[in-house]
file query10.tsv (TSV, C-alpha atoms)
chain	number	residue	atom	x	y	z
B	1421	LEU	CA	-161.57	14.06	55.83
B	1422	LEU	CA	-164.27	11.67	54.67
B	1423	ALA	CA	-167.89	12.84	54.72
B	1424	SER	CA	-170.76	10.38	54.41
B	1425	VAL	CA	-174.03	11.48	52.80
B	1426	ILE	CA	-176.96	9.26	53.77
B	1427	ILE	CA	-180.22	9.40	51.82
B	1428	LEU	CA	-183.40	7.84	53.10
B	1429	GLY	CA	-184.92	6.43	49.94
B	1430	TRP	CA	-188.52	5.64	50.89
B	1431	GLY	CA	-190.86	6.78	48.08
B	1432	GLY	CA	-188.07	8.68	46.38
B	1433	GLU	CA	-188.48	7.51	42.78
B	1434	PRO	CA	-189.57	10.92	41.37
B	1435	TYR	CA	-186.61	12.69	43.02
B	1436	ILE	CA	-183.71	10.29	43.53
B	1437	ARG	CA	-182.02	11.00	40.19
B	1438	ALA	CA	-181.95	14.76	40.75
B	1439	CYS	CA	-180.72	14.20	44.30
B	1440	LEU	CA	-177.87	11.90	43.28
B	1441	ASP	CA	-176.94	13.94	40.20
B	1442	ALA	CA	-176.53	16.99	42.45
B	1443	LEU	CA	-174.29	14.97	44.78
B	1444	ARG	CA	-172.14	13.98	41.81
B	1445	ARG	CA	-171.47	17.69	41.21
B	1446	GLN	CA	-170.17	18.39	44.71
B	1447	THR	CA	-166.92	20.33	44.97
B	1448	TYR	CA	-165.90	18.48	48.15
B	1449	PRO	CA	-164.10	15.38	46.87
B	1450	SER	CA	-163.74	13.10	49.92
B	1451	ARG	CA	-167.21	11.67	50.25
B	1452	GLU	CA	-169.25	8.50	50.17
B	1453	VAL	CA	-172.95	8.31	49.34
B	1454	ILE	CA	-175.30	5.78	50.92
B	1455	VAL	CA	-178.95	5.24	49.95
B	1456	VAL	CA	-181.09	3.37	52.45
B	1457	ASP	CA	-184.02	1.76	50.62
B	1458	ASN	CA	-186.34	1.69	53.61
B	1459	GLY	CA	-188.81	-0.84	52.23
B	1460	SER	CA	-189.74	1.63	49.50
B	1461	PRO	CA	-192.86	0.70	47.52
B	1462	ASP	CA	-191.43	2.11	44.26
B	1463	ARG	CA	-188.30	1.69	42.10
B	1464	THR	CA	-185.95	3.87	44.14
B	1465	GLY	CA	-183.57	1.00	44.87
B	1466	GLU	CA	-183.60	-0.27	41.30
B	1467	ILE	CA	-182.72	3.18	39.92
B	1468	VAL	CA	-179.78	3.50	42.30
B	1469	GLU	CA	-178.57	0.00	41.54
B	1470	ALA	CA	-178.76	0.45	37.76
B	1471	ASP	CA	-177.46	3.99	37.25
B	1472	TYR	CA	-175.34	4.99	40.25
B	1473	PRO	CA	-172.65	2.36	40.77
B	1474	GLU	CA	-170.64	4.64	43.07
B	1475	VAL	CA	-173.52	4.73	45.58
B	1476	ARG	CA	-173.76	2.16	48.34
B	1477	LEU	CA	-177.32	0.80	48.44
B	1478	ILE	CA	-178.68	-0.77	51.62
B	1479	ARG	CA	-182.09	-2.45	51.57
B	1480	THR	CA	-183.87	-2.78	54.90
B	1481	GLY	CA	-186.68	-4.97	53.53
B	1482	ARG	CA	-189.34	-3.05	55.44
B	1483	ASN	CA	-190.16	0.50	56.50
B	1484	LEU	CA	-188.30	1.16	59.74
B	1485	GLY	CA	-189.54	4.74	59.95
B	1486	VAL	CA	-187.37	7.79	59.42
B	1487	ALA	CA	-185.27	7.32	62.55
B	1488	GLY	CA	-184.85	3.59	61.99
B	1489	GLY	CA	-183.84	4.02	58.36
B	1490	ASN	CA	-181.49	6.89	59.16
B	1491	ASN	CA	-179.84	4.82	61.88
B	1492	VAL	CA	-179.11	2.01	59.42
B	1493	GLY	CA	-177.24	4.51	57.26
B	1494	LEU	CA	-175.51	6.24	60.17
B	1495	LYS	CA	-174.19	2.93	61.47
B	1496	ALA	CA	-172.95	1.85	58.03
B	1497	ALA	CA	-171.21	5.16	57.29
B	1498	ARG	CA	-167.45	5.55	57.61
B	1499	GLY	CA	-167.14	9.33	57.55
B	1500	GLN	CA	-166.00	11.61	60.35
B	1501	ILE	CA	-168.97	13.79	59.39
B	1502	ARG	CA	-172.27	12.09	58.51
B	1503	VAL	CA	-174.96	14.01	56.70
B	1504	LEU	CA	-178.59	12.94	56.53
B	1505	ILE	CA	-180.58	14.25	53.56
B	1506	ASN	CA	-183.98	13.50	52.12
B	1507	ALA	CA	-184.39	12.03	48.65
B	1508	ASP	CA	-186.37	15.11	47.58
B	1509	VAL	CA	-183.48	17.49	48.29
B	1510	GLU	CA	-181.27	18.98	45.54
B	1511	VAL	CA	-178.07	20.46	46.93
B	1512	ARG	CA	-175.94	23.16	45.36
B	1513	PRO	CA	-172.44	22.14	44.22
B	1514	ASP	CA	-170.67	23.67	47.23
B	1515	TRP	CA	-173.23	22.49	49.81
B	1516	LEU	CA	-171.12	19.72	51.33
B	1517	GLU	CA	-167.93	21.76	51.26
B	1518	HIS	CA	-169.50	24.55	53.29
B	1519	LEU	CA	-170.90	22.12	55.87
B	1520	VAL	CA	-167.63	20.24	56.29
B	1521	ARG	CA	-165.44	23.36	56.44
B	1522	ALA	CA	-167.66	24.96	59.08
B	1523	MET	CA	-167.58	21.87	61.27
B	1524	LEU	CA	-163.83	21.42	60.89
B	1525	ALA	CA	-163.23	25.06	61.83
B	1526	ASP	CA	-164.96	24.65	65.21
B	1527	PRO	CA	-164.77	21.27	66.98
B	1528	THR	CA	-167.49	22.37	69.42
B	1529	ILE	CA	-170.04	22.11	66.58
B	1530	GLY	CA	-171.79	18.76	66.83
B	1531	VAL	CA	-174.73	19.31	64.47
B	1532	ALA	CA	-174.98	21.61	61.46
B	1533	GLY	CA	-177.53	22.22	58.73
B	1534	ALA	CA	-178.12	24.02	55.48
B	1535	LYS	CA	-180.41	26.83	54.42
B	1536	LEU	CA	-183.30	25.21	52.56
B	1537	LEU	CA	-185.31	26.89	49.83
B	1538	TYR	CA	-188.61	25.99	48.23
B	1539	PRO	CA	-188.49	25.38	44.45
B	1540	ASP	CA	-189.76	28.96	43.94
B	1541	GLY	CA	-186.68	30.31	45.76
B	1542	THR	CA	-188.39	31.40	48.98
B	1543	ILE	CA	-187.00	30.20	52.29
B	1544	GLN	CA	-188.18	26.94	53.80
B	1545	PHE	CA	-185.66	26.67	56.65
B	1546	ALA	CA	-183.02	29.04	58.01
B	1547	GLY	CA	-182.62	27.43	61.40
B	1548	GLY	CA	-185.12	25.96	63.82
B	1549	GLN	CA	-186.44	27.52	67.01
B	1550	ILE	CA	-188.68	26.09	69.72
B	1551	LYS	CA	-191.58	28.38	70.61
B	1552	GLY	CA	-192.97	28.05	74.11
B	1553	PRO	CA	-194.70	27.24	76.24
B	1554	GLN	CA	-196.14	24.46	74.07
B	1555	GLY	CA	-192.77	23.64	72.51
B	1556	TYR	CA	-193.83	24.16	68.91
B	1557	PRO	CA	-191.00	23.95	66.35
B	1558	HIS	CA	-190.63	27.00	64.12
B	1559	HIS	CA	-188.59	27.43	60.93
B	1560	SER	CA	-186.83	30.79	60.82
B	1561	GLY	CA	-187.39	32.65	57.56
B	1562	TRP	CA	-190.32	30.45	56.54
B	1563	HIS	CA	-191.74	31.56	53.17
B	1564	GLU	CA	-189.71	34.78	53.18
B	1565	THR	CA	-188.07	36.04	49.99
B	1566	ASP	CA	-184.38	35.17	50.28
B	1567	CYS	CA	-182.51	38.49	50.35
B	1568	GLY	CA	-179.60	37.26	52.46
B	1569	GLN	CA	-181.29	38.26	55.72
B	1570	TRP	CA	-180.49	34.86	57.29
B	1571	ASP	CA	-176.98	34.49	55.87
B	1572	MET	CA	-175.15	34.86	59.18
B	1573	ALA	CA	-174.04	31.55	60.70
B	1574	ASN	CA	-175.69	31.19	64.08
B	1575	ASP	CA	-176.64	28.77	66.82
B	1576	VAL	CA	-180.18	27.40	66.57
B	1577	SER	CA	-182.46	25.19	68.63
B	1578	PHE	CA	-182.58	22.46	66.01
B	1579	ILE	CA	-181.63	21.42	62.50
B	1580	THR	CA	-184.16	19.79	60.23
B	1581	GLY	CA	-183.44	16.23	59.16
B	1582	ALA	CA	-183.83	17.22	55.50
B	1583	THR	CA	-180.11	18.07	55.69
B	1584	LEU	CA	-178.59	17.34	59.08
B	1585	ALA	CA	-174.83	16.90	59.53
B	1586	ILE	CA	-173.43	15.37	62.71
B	1587	THR	CA	-169.85	14.62	63.70
B	1588	ARG	CA	-168.82	11.12	64.65
B	1589	GLN	CA	-167.71	12.47	68.03
B	1590	ALA	CA	-171.18	13.86	68.75
B	1591	LEU	CA	-172.87	10.70	67.52
B	1592	GLU	CA	-170.72	8.53	69.77
B	1593	ARG	CA	-171.59	10.67	72.78
B	1594	ILE	CA	-175.34	11.14	72.31
B	1595	GLY	CA	-176.30	8.00	70.38
B	1596	TYR	CA	-178.45	7.53	67.31
B	1597	GLU	CA	-181.90	8.84	66.47
B	1598	ASP	CA	-184.69	7.74	68.79
B	1599	GLU	CA	-186.76	5.17	66.89
B	1600	ARG	CA	-189.75	5.73	69.16
B	1601	PHE	CA	-190.49	8.72	66.93
B	1602	PHE	CA	-192.27	6.48	64.41
B	1603	PRO	CA	-192.84	6.74	61.55
B	1604	ILE	CA	-191.75	10.38	61.13
B	1605	ASP	CA	-191.18	13.78	62.77
B	1606	PHE	CA	-189.32	15.13	65.82
B	1607	GLU	CA	-186.42	12.66	65.58
B	1608	ASP	CA	-184.28	15.52	64.20
B	1609	ILE	CA	-185.38	18.01	66.88
B	1610	ASP	CA	-184.68	15.42	69.56
B	1611	MET	CA	-181.18	14.72	68.19
B	1612	SER	CA	-180.42	18.44	68.11
B	1613	TYR	CA	-181.67	18.80	71.69
B	1614	ARG	CA	-179.50	15.93	72.92
B	1615	ALA	CA	-176.46	17.36	71.14
B	1616	ARG	CA	-176.95	20.74	72.84
B	1617	ALA	CA	-177.51	19.03	76.21
B	1618	ALA	CA	-174.19	17.24	75.74
B	1619	GLY	CA	-172.37	20.53	75.22
B	1620	PHE	CA	-172.17	20.65	71.43
B	1621	ARG	CA	-173.15	23.63	69.31
B	1622	VAL	CA	-176.03	23.23	66.85
B	1623	VAL	CA	-175.57	25.70	64.01
B	1624	LEU	CA	-177.00	26.85	60.71
B	1625	VAL	CA	-174.45	27.13	57.88
B	1626	PRO	CA	-176.38	29.41	55.49
B	1627	GLN	CA	-173.75	29.23	52.74
B	1628	ALA	CA	-174.72	25.57	52.34
B	1629	VAL	CA	-177.91	25.78	50.29
B	1630	ALA	CA	-180.36	23.19	48.96
B	1631	ILE	CA	-183.79	23.04	47.34
B	1632	HIS	CA	-186.30	20.94	49.26
B	1633	HIS	CA	-189.54	19.61	47.83
B	1634	GLU	CA	-190.92	19.51	51.37
B	1635	SER	CA	-192.91	16.46	52.51
B	1636	SER	CA	-193.27	15.24	48.95
B	1637	THR	CA	-192.51	11.64	49.90
B	1638	SER	CA	-194.49	11.51	53.15
B	1639	LYS	CA	-197.96	12.83	52.27
B	1640	ALA	CA	-199.66	9.46	52.20
call {"tool": "encode", "arguments": {"input": "query10.tsv", "output": "C-alpha coordinates"}}
result
Amino acid sequence: LLASVIILGWGGEPYIRACLDALRRQTYPSREVIVVDNGSPDRTGEIVEADYPEVRLIRTGRNLGVAGGNNVGLKAARGQIRVLINADVEVRPDWLEHLVRAMLADPTIGVAGAKLLYPDGTIQFAGGQIKGPQGYPHHSGWHETDCGQWDMANDVSFITGATLAITRQALERIGYEDERFFPIDFEDIDMSYRARAAGFRVVLVPQAVAIHHESSTSKA
(Lines of atoms letter the chains of each structure in order from A and count residues from 1; the text may use other names and numbers.)
(Lines give C-alpha, C1' and ligand atoms only; values in the text may rest on other atoms or scores of the structure.)
Protein backbone atom coordinates (compact mmCIF):
# COMPACT_ATOMS: atom_id res chain seq x y z
CA LEU A 1 0.00 0.00 0.00
CA LEU A 2 1.37 3.37 -1.05
CA ALA A 3 1.93 6.03 1.62
CA SER A 4 2.48 9.66 0.69
CA VAL A 5 4.63 11.88 2.93
CA ILE A 6 3.95 15.58 2.40
CA ILE A 7 6.36 18.20 3.74
CA LEU A 8 5.44 21.85 3.95
CA GLY A 9 8.69 23.53 2.97
CA TRP A 10 8.22 27.16 4.02
CA GLY A 11 11.41 28.43 5.71
CA GLY A 12 12.81 24.92 5.92
CA GLU A 13 16.35 25.47 4.61
CA PRO A 14 18.14 24.72 7.94
CA TYR A 15 16.21 21.45 8.38
CA ILE A 16 15.11 20.06 5.03
CA ARG A 17 18.21 17.91 4.46
CA ALA A 18 17.91 16.17 7.82
CA CYS A 19 14.19 15.69 7.24
CA LEU A 20 14.61 14.14 3.79
CA ASP A 21 17.65 12.07 4.79
CA ALA A 22 15.59 10.53 7.59
CA LEU A 23 12.83 9.71 5.09
CA ARG A 24 15.37 7.98 2.87
CA ARG A 25 16.13 5.62 5.77
CA GLN A 26 12.53 4.49 6.26
CA THR A 27 11.93 0.76 6.56
CA TYR A 28 8.52 1.02 4.87
CA PRO A 29 9.30 0.74 1.15
CA SER A 30 6.08 1.78 -0.63
CA ARG A 31 6.17 5.53 -0.29
CA GLU A 32 6.32 8.78 -2.19
CA VAL A 33 7.66 12.05 -0.81
CA ILE A 34 6.28 15.45 -1.79
CA VAL A 35 7.73 18.81 -0.75
CA VAL A 36 5.44 21.82 -1.12
CA ASP A 37 7.56 24.96 -1.47
CA ASN A 38 4.94 27.33 -0.11
CA GLY A 39 6.49 30.54 -1.42
CA SER A 40 9.49 29.95 0.84
CA PRO A 41 11.84 32.94 1.16
CA ASP A 42 14.95 30.71 1.35
CA ARG A 43 16.59 27.93 -0.71
CA THR A 44 14.39 25.05 0.43
CA GLY A 45 13.12 24.35 -3.08
CA GLU A 46 16.56 24.62 -4.66
CA ILE A 47 18.03 22.11 -2.18
CA VAL A 48 15.27 19.60 -2.90
CA GLU A 49 15.61 20.08 -6.64
CA ALA A 50 19.39 19.67 -6.64
CA ASP A 51 19.95 16.84 -4.16
CA TYR A 52 16.75 14.81 -3.84
CA PRO A 53 15.66 13.69 -7.31
CA GLU A 54 13.26 11.09 -5.89
CA VAL A 55 11.21 13.84 -4.20
CA ARG A 56 8.34 15.51 -6.01
CA LEU A 57 8.67 19.28 -5.61
CA ILE A 58 5.62 21.52 -5.97
CA ARG A 59 6.05 25.29 -5.94
CA THR A 60 3.00 27.34 -5.00
CA GLY A 61 4.61 30.69 -5.85
CA ARG A 62 3.25 32.34 -2.71
CA ASN A 63 2.57 31.54 0.93
CA LEU A 64 -0.85 29.91 1.09
CA GLY A 65 -0.64 29.36 4.84
CA VAL A 66 -0.21 26.00 6.50
CA ALA A 67 -3.64 24.66 5.55
CA GLY A 68 -3.41 25.96 1.98
CA GLY A 69 0.06 24.51 1.44
CA ASN A 70 -0.88 21.20 3.03
CA ASN A 71 -3.95 20.96 0.81
CA VAL A 72 -1.82 21.38 -2.32
CA GLY A 73 0.21 18.36 -1.22
CA LEU A 74 -2.80 16.32 -0.09
CA LYS A 75 -4.50 16.82 -3.45
CA ALA A 76 -1.36 15.89 -5.40
CA ALA A 77 -0.66 12.75 -3.35
CA ARG A 78 -1.49 9.28 -4.65
CA GLY A 79 -1.21 7.26 -1.46
CA GLN A 80 -3.99 5.48 0.41
CA ILE A 81 -2.46 7.00 3.54
CA ARG A 82 -1.23 10.60 3.41
CA VAL A 83 1.09 11.91 6.08
CA LEU A 84 1.71 15.59 6.74
CA ILE A 85 5.02 16.45 8.41
CA ASN A 86 6.90 19.65 9.09
CA ALA A 87 10.27 20.35 7.53
CA ASP A 88 11.83 20.57 11.00
CA VAL A 89 10.88 17.00 11.90
CA GLU A 90 13.37 14.09 11.87
CA VAL A 91 11.64 10.72 11.92
CA ARG A 92 13.06 7.44 13.15
CA PRO A 93 13.60 4.72 10.53
CA ASP A 94 10.48 2.74 11.48
CA TRP A 95 8.23 5.80 11.91
CA LEU A 96 6.23 5.36 8.72
CA GLU A 97 5.97 1.61 9.08
CA HIS A 98 4.39 1.90 12.52
CA LEU A 99 1.88 4.51 11.33
CA VAL A 100 0.86 2.53 8.25
CA ARG A 101 0.61 -0.83 10.05
CA ALA A 102 -1.56 0.65 12.80
CA MET A 103 -3.94 2.23 10.31
CA LEU A 104 -4.16 -0.91 8.18
CA ALA A 105 -4.92 -3.02 11.25
CA ASP A 106 -8.02 -0.98 12.10
CA PRO A 107 -10.04 0.58 9.25
CA THR A 108 -11.97 2.71 11.76
CA ILE A 109 -8.81 4.80 12.31
CA GLY A 110 -9.04 7.92 10.17
CA VAL A 111 -6.25 10.03 11.66
CA ALA A 112 -3.07 8.89 13.42
CA GLY A 113 0.03 10.58 14.76
CA ALA A 114 3.45 9.96 16.20
CA LYS A 115 5.03 10.58 19.57
CA LEU A 116 7.17 13.69 19.20
CA LEU A 117 10.28 14.42 21.23
CA TYR A 118 12.27 17.59 21.71
CA PRO A 119 15.95 17.40 20.63
CA ASP A 120 16.89 16.81 24.30
CA GLY A 121 14.73 13.65 24.34
CA THR A 122 11.89 14.97 26.49
CA ILE A 123 8.33 14.62 25.24
CA GLN A 124 6.79 17.31 23.07
CA PHE A 125 3.59 15.49 22.07
CA ALA A 126 2.02 12.21 23.16
CA GLY A 127 -1.49 12.93 21.99
CA GLY A 128 -3.62 16.05 22.12
CA GLN A 129 -6.46 16.81 24.51
CA ILE A 130 -8.91 19.71 24.60
CA LYS A 131 -9.21 21.29 28.03
CA GLY A 132 -12.48 23.01 28.82
CA PRO A 133 -14.39 25.12 29.16
CA GLN A 134 -12.23 27.46 27.06
CA GLY A 135 -11.24 24.72 24.63
CA TYR A 136 -7.49 25.06 25.09
CA PRO A 137 -5.40 22.41 23.31
CA HIS A 138 -3.04 20.46 25.56
CA HIS A 139 -0.16 18.15 24.61
CA SER A 140 -0.07 15.04 26.78
CA GLY A 141 3.36 14.35 28.25
CA TRP A 142 4.64 17.85 27.50
CA HIS A 143 8.25 18.26 28.68
CA GLU A 144 8.16 14.98 30.61
CA THR A 145 11.16 12.64 30.59
CA ASP A 146 10.28 9.82 28.19
CA CYS A 147 10.16 6.65 30.30
CA GLY A 148 7.57 4.86 28.18
CA GLN A 149 4.67 6.21 30.24
CA TRP A 150 2.77 7.22 27.08
CA ASP A 151 3.63 4.16 25.00
CA MET A 152 0.12 2.70 24.93
CA ALA A 153 -1.77 3.40 21.70
CA ASN A 154 -4.89 5.34 22.55
CA ASP A 155 -7.62 7.57 21.19
CA VAL A 156 -6.95 11.30 21.54
CA SER A 157 -8.81 14.53 20.87
CA PHE A 158 -6.40 15.64 18.17
CA ILE A 159 -3.14 14.94 16.38
CA THR A 160 -0.64 17.70 15.77
CA GLY A 161 0.06 18.60 12.17
CA ALA A 162 3.79 18.14 12.74
CA THR A 163 3.12 14.48 11.85
CA LEU A 164 -0.50 13.80 10.96
CA ALA A 165 -1.52 10.74 8.94
CA ILE A 166 -4.96 10.52 7.37
CA THR A 167 -6.52 7.81 5.23
CA ARG A 168 -7.85 8.61 1.79
CA GLN A 169 -11.26 7.34 2.93
CA ALA A 170 -11.36 9.83 5.80
CA LEU A 171 -10.12 12.65 3.60
CA GLU A 172 -12.81 11.98 1.01
CA ARG A 173 -15.50 12.05 3.69
CA ILE A 174 -14.45 15.10 5.72
CA GLY A 175 -12.63 17.20 3.12
CA TYR A 176 -9.32 19.02 3.28
CA GLU A 177 -7.89 21.37 5.88
CA ASP A 178 -9.86 24.57 6.46
CA GLU A 179 -7.86 27.39 4.87
CA ARG A 180 -9.62 29.99 7.00
CA PHE A 181 -7.10 29.04 9.69
CA PHE A 182 -4.52 31.40 8.18
CA PRO A 183 -1.59 31.51 8.30
CA ILE A 184 -1.08 28.82 10.97
CA ASP A 185 -2.55 26.92 13.94
CA PHE A 186 -5.73 24.95 14.69
CA GLU A 187 -6.10 23.50 11.17
CA ASP A 188 -4.85 20.16 12.56
CA ILE A 189 -7.16 20.25 15.60
CA ASP A 190 -10.08 21.09 13.34
CA MET A 191 -9.29 18.20 10.98
CA SER A 192 -9.06 15.80 13.92
CA TYR A 193 -12.39 17.09 15.26
CA ARG A 194 -14.12 16.62 11.91
CA ALA A 195 -12.71 13.10 11.58
CA ARG A 196 -14.08 12.14 15.01
CA ALA A 197 -17.44 13.75 14.18
CA ALA A 198 -17.59 11.61 11.04
CA GLY A 199 -17.11 8.43 13.07
CA PHE A 200 -13.39 7.83 12.59
CA ARG A 201 -10.95 7.10 15.40
CA VAL A 202 -8.13 9.59 16.02
CA VAL A 203 -5.22 7.77 17.63
CA LEU A 204 -1.67 8.17 18.87
CA VAL A 205 0.76 5.52 17.61
CA PRO A 206 3.57 5.94 20.18
CA GLN A 207 5.89 3.43 18.49
CA ALA A 208 6.16 5.94 15.63
CA VAL A 209 8.67 8.46 16.99
CA ALA A 210 10.15 11.68 15.63
CA ILE A 211 12.24 14.61 16.82
CA HIS A 212 10.57 17.98 16.34
CA HIS A 213 12.37 21.32 16.43
CA GLU A 214 9.07 22.92 17.42
CA SER A 215 8.02 26.20 15.76
CA SER A 216 11.50 26.73 14.39
CA THR A 217 10.20 27.82 10.98
CA SER A 218 7.27 29.93 12.18
CA LYS A 219 8.74 32.30 14.79
CA ALA A 220 8.82 35.35 12.56
call {"tool": "closest_residue", "arguments": {"input": "query10.tsv", "among": "B:Gly1561, B:Gly1459, B:Gly1499, B:Gly1465", "to": "Leu1537 in chain B", "atoms": "only C-alpha atoms"}}
result
B:Gly1561
call {"tool": "atom_distance", "arguments": {"input": "query10.tsv", "atom1": "CA of Ala1423 in chain B", "atom2": "CA of Gly1481 in chain B"}}
result
25.9 Å
call {"tool": "closest_residue", "arguments": {"input": "query10.tsv", "among": "B:Glu1433, B:Glu1474, B:Glu1466, B:Asp1608", "to": "Arg1451 in chain B", "atoms": "only C-alpha atoms"}}
result
B:Glu1474
call {"tool": "closest_residue", "arguments": {"input": "query10.tsv", "among": "B:Asp1605, B:Asp1508, B:Asp1540, B:Asp1566", "to": "Ile1436 in chain B", "atoms": "all atoms listed in the file"}}
result
B:Asp1508
call {"tool": "closest_residue", "arguments": {"input": "query10.tsv", "among": "B:Asp1457, B:Asp1598, B:Glu1469, B:Glu1517", "to": "Arg1482 in chain B", "atoms": "all atoms listed in the file"}}
result
B:Asp1457
call {"tool": "closest_residue", "arguments": {"input": "query10.tsv", "among": "B:Ala1585, B:Val1453, B:Ile1505, B:Leu1428", "to": "Leu1524 in chain B", "atoms": "all atoms listed in the file"}}
result
B:Ala1585
call {"tool": "closest_residue", "arguments": {"input": "query10.tsv", "among": "B:Asp1610, B:Asp1462, B:Glu1452, B:Glu1510", "to": "Tyr1435 in chain B", "atoms": "all atoms listed in the file"}}
result
B:Glu1510
call {"tool": "residues_around", "arguments": {"input": "query10.tsv", "residues": "range 1547-1560 of chain B", "least_positions_apart": "6", "cutoff": "7 Å", "atoms": "all atoms listed in the file", "output": "count of residues only"}}
result
5
call {"tool": "axis_aligned_box", "arguments": {"input": "query10.tsv", "around": "range 1523-1538 of chain B", "padding_each_side": "4 Å", "output": "lines of an AutoDock Vina configuration file"}}
result
center_x = -175.9
center_y = 22.8
center_z = 58.8
size_x = 33.4
size_y = 16.1
size_z = 29.2
call {"tool": "atom_distance", "arguments": {"input": "query10.tsv", "atom1": "CA of Leu1516 in chain B", "atom2": "CA of Gly1568 in chain B"}}
result
19.5 Å
call {"tool": "closest_atom_pairs", "arguments": {"input": "query10.tsv", "of": "range 1569-1598 of chain B", "to": "range 1525-1529 of chain B", "cutoff": "9 Å", "atoms": "all atoms listed in the file", "output": "tab-separated table"}}
result
residue	atom	partner	partner_atom	distance
B:Ile1586	CA	B:Ile1529	CA	8.5
B:Thr1587	CA	B:Ile1529	CA	8.0
B:Ala1590	CA	B:Ile1529	CA	8.6
call {"tool": "residues_near_point", "arguments": {"input": "query10.tsv", "point": "(-174.9, 22.2, 67.9)", "cutoff": "6 Å", "atoms": "only C-alpha atoms", "output": "ChimeraX atom specification"}}
result
/B:1529-1531,1616,1620-1623
call {"tool": "atom_distance", "arguments": {"input": "query10.tsv", "atom1": "CA of Ile1501 in chain B", "atom2": "CA of Leu1519 in chain B"}}
result
9.2 Å
call {"tool": "residues_around", "arguments": {"input": "query10.tsv", "residues": "Val1625 in chain B", "least_positions_apart": "4", "cutoff": "7 Å", "atoms": "only C-alpha atoms", "output": "list in words"}}
result
Leu1519, Ala1532, Gly1533, Ala1534, Lys1535 and Ala1573 of chain B
call {"tool": "residues_around", "arguments": {"input": "query10.tsv", "residues": "Ile1467 in chain B", "least_positions_apart": "4", "cutoff": "8 Å", "atoms": "only C-alpha atoms", "output": "list of chain:residue names"}}
result
B:Glu1433, B:Arg1437, B:Arg1463, B:Asp1471, B:Tyr1472
call {"tool": "residues_near_point", "arguments": {"input": "query10.tsv", "point": "(-191.8, -1.1, 58.6)", "cutoff": "12 Å", "atoms": "all atoms listed in the file", "output": "NGL selection string"}}
result
:B and (1430 or 1457-1461 or 1480-1489 or 1599 or 1602-1604)
call {"tool": "build_atoms", "arguments": {"input": "query10.tsv", "residues": "range 1603-1617 of chain B", "atoms": "N, CA, C and O atoms", "output": "mmCIF file, keeping the file's coordinate frame"}}
result
data_model
loop_
_atom_site.group_PDB
_atom_site.id
_atom_site.type_symbol
_atom_site.label_atom_id
_atom_site.label_comp_id
_atom_site.auth_asym_id
_atom_site.auth_seq_id
_atom_site.Cartn_x
_atom_site.Cartn_y
_atom_site.Cartn_z
ATOM 1 N N PRO B 1603 -193.836 6.998 62.592
ATOM 2 C CA PRO B 1603 -192.840 6.740 61.550
ATOM 3 C C PRO B 1603 -191.996 7.958 61.192
ATOM 4 O O PRO B 1603 -190.956 7.814 60.573
ATOM 5 N N ILE B 1604 -192.443 9.181 61.589
ATOM 6 C CA ILE B 1604 -191.750 10.380 61.130
ATOM 7 C C ILE B 1604 -192.019 11.535 62.083
ATOM 8 O O ILE B 1604 -193.019 11.532 62.801
ATOM 9 N N ASP B 1605 -191.097 12.488 62.077
ATOM 10 C CA ASP B 1605 -191.180 13.780 62.770
ATOM 11 C C ASP B 1605 -190.622 13.744 64.199
ATOM 12 O O ASP B 1605 -190.844 12.785 64.945
ATOM 13 N N PHE B 1606 -189.905 14.813 64.515
ATOM 14 C CA PHE B 1606 -189.320 15.130 65.820
ATOM 15 C C PHE B 1606 -188.049 14.351 66.139
ATOM 16 O O PHE B 1606 -187.383 14.666 67.127
ATOM 17 N N GLU B 1607 -187.683 13.351 65.331
ATOM 18 C CA GLU B 1607 -186.420 12.660 65.580
ATOM 19 C C GLU B 1607 -185.226 13.608 65.387
ATOM 20 O O GLU B 1607 -184.207 13.500 66.077
ATOM 21 N N ASP B 1608 -185.351 14.563 64.451
ATOM 22 C CA ASP B 1608 -184.280 15.520 64.200
ATOM 23 C C ASP B 1608 -184.197 16.569 65.310
ATOM 24 O O ASP B 1608 -183.105 16.941 65.763
ATOM 25 N N ILE B 1609 -185.354 17.040 65.785
ATOM 26 C CA ILE B 1609 -185.380 18.010 66.880
ATOM 27 C C ILE B 1609 -184.813 17.380 68.149
ATOM 28 O O ILE B 1609 -184.040 17.997 68.886
ATOM 29 N N ASP B 1610 -185.172 16.136 68.391
ATOM 30 C CA ASP B 1610 -184.680 15.420 69.560
ATOM 31 C C ASP B 1610 -183.161 15.243 69.501
ATOM 32 O O ASP B 1610 -182.465 15.438 70.509
ATOM 33 N N MET B 1611 -182.631 14.892 68.325
ATOM 34 C CA MET B 1611 -181.180 14.720 68.190
ATOM 35 C C MET B 1611 -180.457 16.043 68.420
ATOM 36 O O MET B 1611 -179.411 16.089 69.091
ATOM 37 N N SER B 1612 -181.013 17.123 67.892
ATOM 38 C CA SER B 1612 -180.420 18.440 68.110
ATOM 39 C C SER B 1612 -180.430 18.799 69.592
ATOM 40 O O SER B 1612 -179.451 19.330 70.133
ATOM 41 N N TYR B 1613 -181.543 18.508 70.255
ATOM 42 C CA TYR B 1613 -181.670 18.800 71.690
ATOM 43 C C TYR B 1613 -180.627 18.026 72.486
ATOM 44 O O TYR B 1613 -179.962 18.581 73.381
ATOM 45 N N ARG B 1614 -180.470 16.749 72.177
ATOM 46 C CA ARG B 1614 -179.500 15.930 72.920
ATOM 47 C C ARG B 1614 -178.072 16.388 72.665
ATOM 48 O O ARG B 1614 -177.224 16.318 73.565
ATOM 49 N N ALA B 1615 -177.798 16.845 71.443
ATOM 50 C CA ALA B 1615 -176.460 17.360 71.140
ATOM 51 C C ALA B 1615 -176.170 18.616 71.972
ATOM 52 O O ALA B 1615 -175.081 18.769 72.544
ATOM 53 N N ARG B 1616 -177.138 19.532 72.043
ATOM 54 C CA ARG B 1616 -176.950 20.740 72.840
ATOM 55 C C ARG B 1616 -176.801 20.396 74.319
ATOM 56 O O ARG B 1616 -175.976 20.978 75.026
ATOM 57 N N ALA B 1617 -177.589 19.436 74.803
ATOM 58 C CA ALA B 1617 -177.510 19.030 76.210
ATOM 59 C C ALA B 1617 -176.150 18.425 76.546
ATOM 60 O O ALA B 1617 -175.697 18.499 77.694
#
